[in-house]
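Peer 1: I'd like to ask you about the structure that follows.
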Amino acid sequence: MLAGRMNNLTPYVPGEQPQDGVYIKLNTNENPYPPTPRIKEFLSGMDIARLKLYPEPTSKLLREAIAEAEGLSPEKVFIGNGSDEVLSFVFFGFFDGANGPLQFPEFTYSFYPVYSQFYDIPYTKVSLRDDFSIDINDFASTGTTGIILPNPNAPTGIGLPLADIRKLLEKTDRDRLVAVDEAYIAFGGETAVPLIEEFDNLLVIRTFSKSSSLAGLRLGYALGNEKLVNALTTVKDSFNSYPVDFMAQKCGELAVRDIEYGRDVIQKIIATRERFVGEAAKLGWYILPSSANFVFARKDGISGKEIYTKLKERKILVRFFDKAGISDFVRITIGTDTEMDSLLAAMKML
Ligand code: PMP
């Protein structure tokens, strides 16, 4: 076997992406609705000759659009090729393990341990309460290299109130980064963005994949103090100075500026989620309270893997996690009303 670092890696395994289109796809938290029609208009009229040139390296116009939407200055916005890339830069740039381990919740986004291994960062998992909520009192305030947590958490979907994020920041050493991964914040969570002015060690990471229906475009961003954004830019420019292409920059800008369309899509998904949760409860399913575009659900007497397998036979894809403590659950993305009705019909058969 060839020698090399790759021999020691355990890569992240994303949910299935079947290309034949026969499945109702509720396994990777994509948005069931298309992105703003302004993108179609732009792409169909696009000057293809523009692709001869490199993209604008600082994603200036996109950063300005996001800054305006968030009430921040563009210097507080960093853009990356999907939030996974932004997260990778965050792990590399801020979590060096020198002062102790990185802390993240026990059940959380399963890419965090993968990045930790990739960059050789020791980590500790902070246990959740019995109801799967995060207790910020369980995070150590000192002797760590930093903290990362999603809000709402994934795969549970449970949101943390802003007051808890504030308490976490207040108790954490100011020279340690607190990274809040807000991939799903638009679906009912309380954002930590208002705390950015007060805490220069807070970084909020976001994505266009879920609320903006642009998972295929690969676009993510981070919001934080200028010093943090400059540090991320240094990491990016040491790795790939043009990670975000011309089309992604423009489409992202169009999505951010079409506030009304984005709001409508999110409202529809929230309404479908609440209806689905009610109907599933009537069928005897137990569902954790979700502030996201997915729910974490289980039913007595059947494992997550069995649910997954039986639904797949009926051409419905959900995600299960073969991990002690959550192996009874499946994570179900909220699709259209019609898709959720098909799922409910299949759930009745289980
Ligand atoms: N954070 C969390 C918590 C996620 O679930 C995901 C989606 N897998 C991401 C970040 C990454 O999203 P993307 O790279 O599509 O922006």
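Residue numbering restarts at 1 for every chain of the structure tokens, chains are lettered A, B, ... in their displayed order, and ligands are numbered from 1 as they appear.
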Residues within 10 Å of Gly143 in chain A, please, as a count of residues only. Count only C-alpha atoms; anything in the same chain fewer than 5 positions from it doesn't count.
Peer 2: 9
Peer 1: Which residues sit within 9 Å of ligand 1, counting only C-alpha atoms and all ligand atoms, listed as a PyMOL selection string?
Peer 2: chain A and resi 14-15+28-30+80-87+108-111+149-155+181-184+205-210+214-221
Peer 1: In range 60-174 of chain A, what's strand (DSSP E or B) per DSSP? Answer as a list of chain:residue names?
Peer 2: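 Those in range 60-174 of chain A that DSSP calls strand (DSSP E or B) are A:Val77, A:Phe78, A:Ile79, A:Gly80, A:Leu102, A:Gln103, A:Phe104, A:Pro105, A:Tyr123, A:Thr124, A:Lys125, A:Val126, A:Gly146, A:Ile147, A:Ile148, A:Leu149, A:Pro150.
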Peer 1: Go through A:Pro122, A:Gly157, A:Pro32, A:Pro55 and flag the residue nearest Pro289 in chain A, using only C-alpha atoms for the distances.
Peer 2: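 Counting only C-alpha atoms, the residue closest to Pro289 in chain A is A:Gly157.
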Peer 1: If you run DSSP on the backbone here, which positions in range 74-246 of chain A get helix (DSSP H, G or I)? Please write them as a PyMOL selection string.
Peer 2: chain A and resi 74-76+83-94+111-118+136-138+162-171+185-187+193-195+226-237+246
Peer 1: Could you write out that same residue set with C-alpha atoms as a compact mmCIF listing (two decimals), in the first residue's frame?
Peer 2:
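Generated output (selection_37.txt):
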```txt
# COMPACT_ATOMS: atom_id res chain seq x y z
CA PRO A 74 -19.17 43.48 5.03
CA GLU A 75 -15.85 43.11 6.93
CA LYS A 76 -17.70 40.80 9.31
CA SER A 83 -20.50 25.73 5.06
CA ASP A 84 -18.58 22.45 5.25
CA GLU A 85 -15.61 24.28 3.76
CA VAL A 86 -16.10 27.22 6.12
CA LEU A 87 -16.18 24.74 9.01
CA SER A 88 -13.01 23.11 7.76
CA PHE A 89 -11.25 26.50 7.75
CA VAL A 90 -12.59 27.18 11.25
CA PHE A 91 -11.25 23.87 12.58
CA PHE A 92 -7.88 24.42 10.95
CA GLY A 93 -7.54 28.08 11.87
CA PHE A 94 -8.83 28.28 15.43
CA PHE A 111 -18.45 16.01 10.41
CA TYR A 112 -16.98 17.56 13.58
CA PRO A 113 -15.04 14.45 14.66
CA VAL A 114 -13.92 13.99 11.05
CA TYR A 115 -12.38 17.47 10.87
CA SER A 116 -10.90 16.95 14.32
CA GLN A 117 -9.15 13.84 13.13
CA PHE A 118 -8.09 15.48 9.86
CA ILE A 136 -24.46 24.67 28.41
CA ASN A 137 -23.42 24.25 32.07
CA ASP A 138 -21.70 21.04 30.98
CA LEU A 162 -30.18 33.00 22.76
CA ALA A 163 -29.90 33.44 26.54
CA ASP A 164 -28.07 30.10 26.72
CA ILE A 165 -25.63 31.05 23.94
CA ARG A 166 -24.98 34.29 25.82
CA LYS A 167 -24.30 32.36 29.06
CA LEU A 168 -21.93 30.07 27.18
CA LEU A 169 -20.02 33.07 25.80
CA GLU A 170 -19.94 34.78 29.18
CA LYS A 171 -18.39 31.78 30.88
CA ILE A 185 -31.49 28.65 12.09
CA ALA A 186 -34.03 30.02 9.60
CA PHE A 187 -36.58 27.33 10.47
CA VAL A 193 -25.77 37.28 15.38
CA PRO A 194 -26.88 40.09 17.79
CA LEU A 195 -24.05 38.98 20.13
CA GLU A 226 -13.23 41.43 11.60
CA LYS A 227 -10.25 39.72 13.27
CA LEU A 228 -11.95 36.34 12.96
CA VAL A 229 -12.94 37.00 9.34
CA ASN A 230 -9.38 38.10 8.48
CA ALA A 231 -8.04 34.92 10.09
CA LEU A 232 -10.40 32.80 7.98
CA THR A 233 -9.35 34.71 4.85
CA THR A 234 -5.71 33.94 5.67
CA VAL A 235 -6.58 30.24 5.93
CA LYS A 236 -8.57 30.33 2.68
CA ASP A 237 -5.82 32.15 0.79
CA PHE A 246 -18.63 33.53 -10.28
```
Peer 1: Between A:Val244, A:Leu2, A:Leu128, A:Leu254, single out the one closest to Ile326 in chain A, counting only C-alpha atoms.
Peer 2: A:Leu128
Peer 1: Out of A:Ser291, A:Gln267, A:Ser141, A:Ser342, which residue has the shortest atom-to-atom distance to Gly189 in chain A when counting only C-alpha atoms?
Peer 2: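 Counting only C-alpha atoms, the residue closest to Gly189 in chain A is A:Ser291.
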Peer 1: Choose the residue, out of A:Tyr242, A:Pro105, A:Lys348, A:Gly262, that has the smallest atom-to-atom separation from Trp285 in chain A; count only C-alpha atoms.
Peer 2: A:Lys348
Peer 1: What does the structure give for the distance between CA of Arg319 in chain A and CA of Gln103 in chain A, in Å to one decimal?
Peer 2: 25.0 Å
Peer 1: Please report the interatomic distance between CA of Ile307 in chain A and CA of Glu16 in chain A in Å with one decimal.
Peer 2: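 About the pair CA of Ile307 in chain A and CA of Glu16 in chain A: they are 15.7 Å apart.
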Peer 1: Find, counting only C-alpha atoms, the residue in A:Glu197, A:Ile334, A:Ser213, A:Leu160 that gets nearest to Tyr261 in chain A.
Peer 2: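 Once distances to Tyr261 in chain A are computed over only C-alpha atoms, the minimum belongs to A:Ser213.
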Peer 1: Under the rule that only C-alpha atoms are counted, which of A:Met46, A:Leu53, A:Ala65, A:Leu317 is the nearest residue to Asp258 in chain A?
Peer 2: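 Of A:Met46, A:Leu53, A:Ala65, A:Leu317, the one nearest Asp258 in chain A is A:Ala65, counting only C-alpha atoms.
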Peer 1: If you count only C-alpha atoms, which residues fall within 10 Å of Ile259 in chain A, apart from same-chain ones fewer than 4 positions away, as a PyMOL selection string?
Peer 2: chain A and resi 36+69+254-255+263-264
Peer 1: If I take CA of Leu9 in chain A and CA of Tyr123 in chain A, how far is one from the other in Å, to one decimal?
Peer 2: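 One can read the CA of Leu9 in chain A to CA of Tyr123 in chain A distance as 16.0 Å.
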Peer 1: Neighbouring residues of Lys315 in chain A were defined as those with any atom within 8 Å, considering only C-alpha atoms; residues of the same chain fewer than 3 positions away were excluded. Please report them as a count of residues only.
Peer 2: 5
